[in-house]
Amino acid sequence: MQKSKGFVSYDVVHESYLRRRRLKKGANGLLLWGLGVGAVISGDFYGWNYGLAAGGFWGLAIATALMAVMYLCMTYSLAELSAALPHAGGLYSFTRNAFGPFWGFICGVVVTVEYVLATAALVFSMSNYIKPLVPTVPNYVVWLFAYAIFVAIAIHSLELTLNVSLLLTLLAIMVLGIFYVTMLTSGVFNPEVLLNVPADPGYSASWLPKGWQGVFAAIPYGIWFYLAIELLPLASEEAQNPTRSMPAGLISGMFTLIILSVFTLVLNSGVGGGAVAIGRSSVPLGDGLAAYFGKESTSHILTAIALTLGLGASLPTQIYGYGRIVFSLSRAGYLPRWISVTSKRNTPYRALILCTAVGLICLTLVNAGSDAVDAVILNMAVFGALISYILVMFSYIKLKFSRPDLPRPYESPLGMWGAALGAILAIFALVACFSIPEYRGGIWGIAAVLVVATLYFFFSGNRLVAQAPEEAAALMLKARTVKVN
């Protein structure tokens with residue numbers, strides 16, 4: 001055993017340790033694009049629309065534009081980091097390399113919270129879409145069914161997960177494309193109802209009906225259009241050529257999402273009852289379809305199809321994400337090591353099952369205490385994500401100075417200035433969210449998780465694994481297995 005600075009100690013493990021925790025390569029550029037876009041595309045089917053009620057159309061549009069810039073800056077930074085440090089830890093690995101084990105662990109925790117809660121929000125929204133078709137089926141049955149199908153896919157194999165994700169992502173884009181064309185060509189889209197959110201006293205309904213405070217309130221919902229694109233670096237160890245395919249997948253995926261977000265925001269807000277009605281809908285795309293087909297059974301069937309393809313596209317990818325981040329934290333010794341053991345097909349089945357159980361518990365607890373469970377969970381996922389974004393963009397800047405020798409097969413064209421702008425926008429988003437009293441419960445929830453994580457880090461007595469890829473890179477050790485007697 002070798003000692004490190006501070007509270008951290010390391011074990012040099014037997015070669016069998018990493019052999020029982022292997023991942024399998026198999027992700028090419030197209031599959032990575034599907035994984036990245038699939039992780040996010042559900043945001044075009046629900047969740048974003050609450051921002052219309054919070055800030056009106058232009059308030060949400062401004063918030064979305066600001067967050068698109070933030071994500072672009074971060075995406076380019078991640079493209080460089082993922083090519084330089086192609087490890088399954090993703091954002092946690094980058095932060096650990098820049099700021100040490102504690103901040104790496106904290107980043108890993110908030111990323112885990114983000115994916116577990118975002119998946120729970122997806123599952124809850126799925127039950128909202130299905131409810132009109134099967135009103136007698138309890139919500140928890142839908143939750144269990146959805147988790148069971150996609151966790152089973154994730155456990156089966158990487159190939160099945162990636163191919164299902166790609167197929168559902170392409171079909172979801174097709175559904176959105178048909179929706180866009182139909183709304184534009186049928187005469188259902190009405191630009192006038194984009195601005196029908198009533199103004200608060202002293203504000204103009206045609207511009208910012210809730211004032212700049214409404215822009216701040218709309219930020220979490222602007223983020224929802226892009227949340228989880230940062231999941232893609234978690235696939236670095238399973239990518240066939242991460243130094244080339246990872247930057248390509250991240251950047252092409254981000255531009256795909258920006259295009260989709262513009263069409264969704266404008267066209268889905270301008271149908272039926274307009275922004276005021278879509279802004280309080282739990283099924284915004286379904287209400288958009290109902291504006292064209294009517295509220296008969298036909299629209300319910302189409303809504304169910306949209307659900308399966310839209311929300312279904314994100315479920316296998318989000319589940320993939322929380323399985324990989326917990327696997328990597330466990331493999332490196334931050335979490336109990338037994339969690340990271342992989343199956344014969346090289347999938348982290350224990351991490352997947354554990355995180356799924358936590359997601360179901362969180363979903364049940366929040367559902368029991370809130371009538372807007374999906375909005376509550378959404379906000380908590382957003383706050384966790386923002387913290388990880390701040391950490392990783394500062395990590396990018398720090399590594400430029402502390403590791404100038406680090407091979408960088410791809411370099412961001414935005415450089416440190418892009419990372420700095422992204423960090424500033426992420427801090428702005430976090431402060432803006434905190435300024436809205438209704439969102440503070442979610443922030444305090446994340447704060448409580450961080451307190452528990454901090455106590456765990458310093459008092460759990462876990463020893464880190466020197467040969468884990470993330471630790472080996474950070475310690476500047478040769479990435480190889482060391483035999484011990």
# chains A, B, ... in the order shown; residues from 1 in each chain; ligands from 1

$ closest_atom_pairs --of "range 12-50 of chain A" --to "range 113-133 of chain A" --cutoff "10 Å" --atoms "only C-alpha atoms" --output "tab-separated table"
residue	atom	partner	partner_atom	distance
A:Ala39	CA	A:Tyr115	CA	9.7
A:Ser42	CA	A:Leu122	CA	7.6
A:Gly43	CA	A:Leu122	CA	9.1
A:Phe45	CA	A:Ser125	CA	9.4
A:Tyr46	CA	A:Ser125	CA	7.5
A:Gly47	CA	A:Ser125	CA	8.6

$ write_last_selection --atoms "N, CA and C atoms" --output "mmCIF file, in the first residue's frame"
data_model
loop_
_atom_site.group_PDB
_atom_site.id
_atom_site.type_symbol
_atom_site.label_atom_id
_atom_site.label_comp_id
_atom_site.auth_asym_id
_atom_site.auth_seq_id
_atom_site.Cartn_x
_atom_site.Cartn_y
_atom_site.Cartn_z
ATOM 1 N N ALA A 39 -29.489 10.543 -25.070
ATOM 2 C CA ALA A 39 -29.525 10.889 -23.649
ATOM 3 C C ALA A 39 -30.342 12.147 -23.391
ATOM 4 N N SER A 42 -35.271 13.302 -25.008
ATOM 5 C CA SER A 42 -36.532 13.319 -24.265
ATOM 6 C C SER A 42 -36.886 14.733 -23.811
ATOM 7 N N GLY A 43 -35.866 15.604 -23.684
ATOM 8 C CA GLY A 43 -36.136 16.986 -23.300
ATOM 9 C C GLY A 43 -36.968 17.739 -24.310
ATOM 10 N N PHE A 45 -39.601 16.343 -25.597
ATOM 11 C CA PHE A 45 -40.926 15.758 -25.471
ATOM 12 C C PHE A 45 -41.650 16.214 -24.204
ATOM 13 N N TYR A 46 -40.931 16.679 -23.212
ATOM 14 C CA TYR A 46 -41.561 17.152 -21.975
ATOM 15 C C TYR A 46 -40.536 17.898 -21.149
ATOM 16 N N GLY A 47 -41.011 18.600 -20.135
ATOM 17 C CA GLY A 47 -40.130 19.249 -19.160
ATOM 18 C C GLY A 47 -39.778 20.669 -19.524
#

$ residues_around --residues "Ile155 in chain A" --least-positions-apart "5" --cutoff "8 Å" --atoms "only C-alpha atoms" --output "VMD selection string"
chain A and resid 347 to 349 352

$ write_last_selection --atoms "C-alpha atoms" --output "JSON list (two decimals), in the first residue's frame"
[["chain", "number", "residue", "atom", "x", "y", "z"],
["A", 347, "THR", "CA", -21.58, -4.78, -18.10],
["A", 348, "PRO", "CA", -21.64, -3.26, -14.58],
["A", 349, "TYR", "CA", -24.83, -5.04, -13.53],
["A", 352, "LEU", "CA", -27.10, -0.63, -12.63]]

$ closest_residue --among "A:Glu80, A:Asp44, A:Glu471, A:Glu159" --to "Val8 in chain A" --atoms "only C-alpha atoms"
A:Glu471

$ select_by_dssp --residues "range 172-299 of chain A" --states "helix (DSSP H, G or I)" --output "ChimeraX atom specification"
/A:172-185,191-195,211-223,229-238,242-269,274-278,284-293,297-299

$ write_last_selection --atoms "C-alpha atoms" --output "tab-separated table (two decimals), in the first residue's frame"
chain	number	residue	atom	x	y	z
A	172	ALA	CA	-37.64	9.99	-32.01
A	173	ILE	CA	-36.06	12.48	-34.41
A	174	MET	CA	-38.40	11.21	-37.12
A	175	VAL	CA	-41.42	11.77	-34.84
A	176	LEU	CA	-40.25	15.29	-34.04
A	177	GLY	CA	-39.61	15.99	-37.72
A	178	ILE	CA	-43.12	14.83	-38.65
A	179	PHE	CA	-44.54	17.00	-35.87
A	180	TYR	CA	-42.63	20.06	-37.09
A	181	VAL	CA	-43.71	19.61	-40.71
A	182	THR	CA	-47.31	18.90	-39.75
A	183	MET	CA	-47.59	21.97	-37.54
A	184	LEU	CA	-46.13	24.20	-40.25
A	185	THR	CA	-48.10	22.85	-43.19
A	191	PRO	CA	-47.49	32.62	-33.94
A	192	GLU	CA	-49.90	34.90	-32.07
A	193	VAL	CA	-50.47	32.40	-29.25
A	194	LEU	CA	-46.73	32.24	-28.54
A	195	LEU	CA	-47.15	35.42	-26.51
A	211	GLY	CA	-39.66	40.36	-16.29
A	212	TRP	CA	-36.03	39.30	-16.06
A	213	GLN	CA	-36.94	37.28	-13.01
A	214	GLY	CA	-38.91	35.12	-15.44
A	215	VAL	CA	-35.76	34.55	-17.48
A	216	PHE	CA	-34.01	33.37	-14.34
A	217	ALA	CA	-36.95	31.10	-13.51
A	218	ALA	CA	-36.90	29.61	-17.01
A	219	ILE	CA	-33.22	28.61	-16.91
A	220	PRO	CA	-33.71	25.05	-15.56
A	221	TYR	CA	-36.12	24.40	-18.41
A	222	GLY	CA	-33.76	25.82	-21.01
A	223	ILE	CA	-31.13	23.45	-19.62
A	229	ILE	CA	-24.99	15.50	-23.48
A	230	GLU	CA	-22.05	15.46	-21.07
A	231	LEU	CA	-22.83	11.78	-20.46
A	232	LEU	CA	-20.98	10.81	-23.63
A	233	PRO	CA	-17.40	10.82	-22.20
A	234	LEU	CA	-18.51	7.99	-19.88
A	235	ALA	CA	-18.32	5.79	-22.99
A	236	SER	CA	-14.64	6.59	-23.62
A	237	GLU	CA	-13.32	3.20	-22.52
A	238	GLU	CA	-15.90	1.47	-24.70
A	242	PRO	CA	-12.02	7.63	-28.51
A	243	THR	CA	-9.44	10.21	-29.58
A	244	ARG	CA	-11.35	10.73	-32.85
A	245	SER	CA	-14.88	9.44	-32.30
A	246	MET	CA	-15.52	11.10	-28.93
A	247	PRO	CA	-14.97	14.72	-30.08
A	248	ALA	CA	-16.96	14.02	-33.25
A	249	GLY	CA	-19.84	12.48	-31.32
A	250	LEU	CA	-19.98	15.29	-28.77
A	251	ILE	CA	-19.86	18.17	-31.23
A	252	SER	CA	-22.21	16.73	-33.86
A	253	GLY	CA	-24.61	15.67	-31.12
A	254	MET	CA	-24.66	19.15	-29.60
A	255	PHE	CA	-25.48	20.86	-32.89
A	256	THR	CA	-28.22	18.30	-33.52
A	257	LEU	CA	-29.77	19.15	-30.16
A	258	ILE	CA	-29.62	22.90	-30.77
A	259	ILE	CA	-31.53	22.53	-34.05
A	260	LEU	CA	-34.18	20.35	-32.41
A	261	SER	CA	-34.58	22.73	-29.45
A	262	VAL	CA	-35.30	25.72	-31.70
A	263	PHE	CA	-38.04	23.90	-33.64
A	264	THR	CA	-39.58	22.40	-30.50
A	265	LEU	CA	-39.63	25.66	-28.56
A	266	VAL	CA	-41.26	27.64	-31.36
A	267	LEU	CA	-43.63	25.12	-32.93
A	268	ASN	CA	-44.85	23.28	-29.83
A	269	SER	CA	-45.48	26.58	-28.02
A	274	GLY	CA	-50.53	28.46	-27.01
A	275	ALA	CA	-47.79	29.16	-24.49
A	276	VAL	CA	-50.18	29.54	-21.58
A	277	ALA	CA	-51.69	26.06	-22.08
A	278	ILE	CA	-48.51	24.25	-23.16
A	284	PRO	CA	-46.78	19.10	-24.24
A	285	LEU	CA	-46.18	17.09	-27.39
A	286	GLY	CA	-49.41	15.22	-26.78
A	287	ASP	CA	-51.31	18.50	-26.52
A	288	GLY	CA	-49.65	19.64	-29.73
A	289	LEU	CA	-50.83	16.49	-31.49
A	290	ALA	CA	-54.31	16.94	-30.03
A	291	ALA	CA	-54.48	20.42	-31.58
A	292	TYR	CA	-54.21	18.74	-34.97
A	293	PHE	CA	-56.00	15.42	-34.50
A	297	SER	CA	-58.51	8.15	-29.12
A	298	THR	CA	-56.38	8.72	-32.22
A	299	SER	CA	-54.39	11.45	-30.47

$ atom_distance --atom1 "CA of Leu78 in chain A" --atom2 "CA of Leu158 in chain A"
22.3 Å

$ decode --residues "range 79-115 of chain A" --atoms "C-alpha atoms" --output "CSV table (one decimal), in the first residue's frame"
chain,number,residue,atom,x,y,z
A,79,ALA,CA,-14.2,17.0,-26.5
A,80,GLU,CA,-10.6,17.9,-25.7
A,81,LEU,CA,-10.6,16.3,-22.3
A,82,SER,CA,-12.2,13.1,-23.4
A,83,ALA,CA,-9.6,12.6,-26.1
A,84,ALA,CA,-6.8,13.3,-23.6
A,85,LEU,CA,-8.3,11.2,-20.7
A,86,PRO,CA,-10.4,8.5,-22.3
A,87,HIS,CA,-11.7,6.9,-19.1
A,88,ALA,CA,-15.1,5.6,-18.0
A,89,GLY,CA,-15.2,8.2,-15.2
A,90,GLY,CA,-16.0,11.1,-17.6
A,91,LEU,CA,-16.4,14.4,-15.7
A,92,TYR,CA,-15.3,12.9,-12.4
A,93,SER,CA,-12.0,11.7,-14.1
A,94,PHE,CA,-11.3,15.2,-15.4
A,95,THR,CA,-12.0,16.9,-12.1
A,96,ARG,CA,-10.0,14.3,-10.2
A,97,ASN,CA,-7.0,14.9,-12.5
A,98,ALA,CA,-7.2,18.7,-12.0
A,99,PHE,CA,-8.2,19.1,-8.3
A,100,GLY,CA,-7.5,15.8,-6.6
A,101,PRO,CA,-9.5,12.9,-5.1
A,102,PHE,CA,-12.0,14.9,-3.0
A,103,TRP,CA,-13.3,17.2,-5.8
A,104,GLY,CA,-13.3,14.3,-8.2
A,105,PHE,CA,-15.5,12.4,-5.8
A,106,ILE,CA,-17.8,15.3,-5.4
A,107,CYS,CA,-18.1,15.7,-9.1
A,108,GLY,CA,-18.9,12.0,-9.4
A,109,VAL,CA,-21.6,12.2,-6.8
A,110,VAL,CA,-23.4,15.1,-8.4
A,111,VAL,CA,-23.2,13.5,-11.8
A,112,THR,CA,-24.7,10.3,-10.3
A,113,VAL,CA,-27.5,12.4,-8.7
A,114,GLU,CA,-28.2,14.0,-12.0
A,115,TYR,CA,-28.6,10.8,-14.0
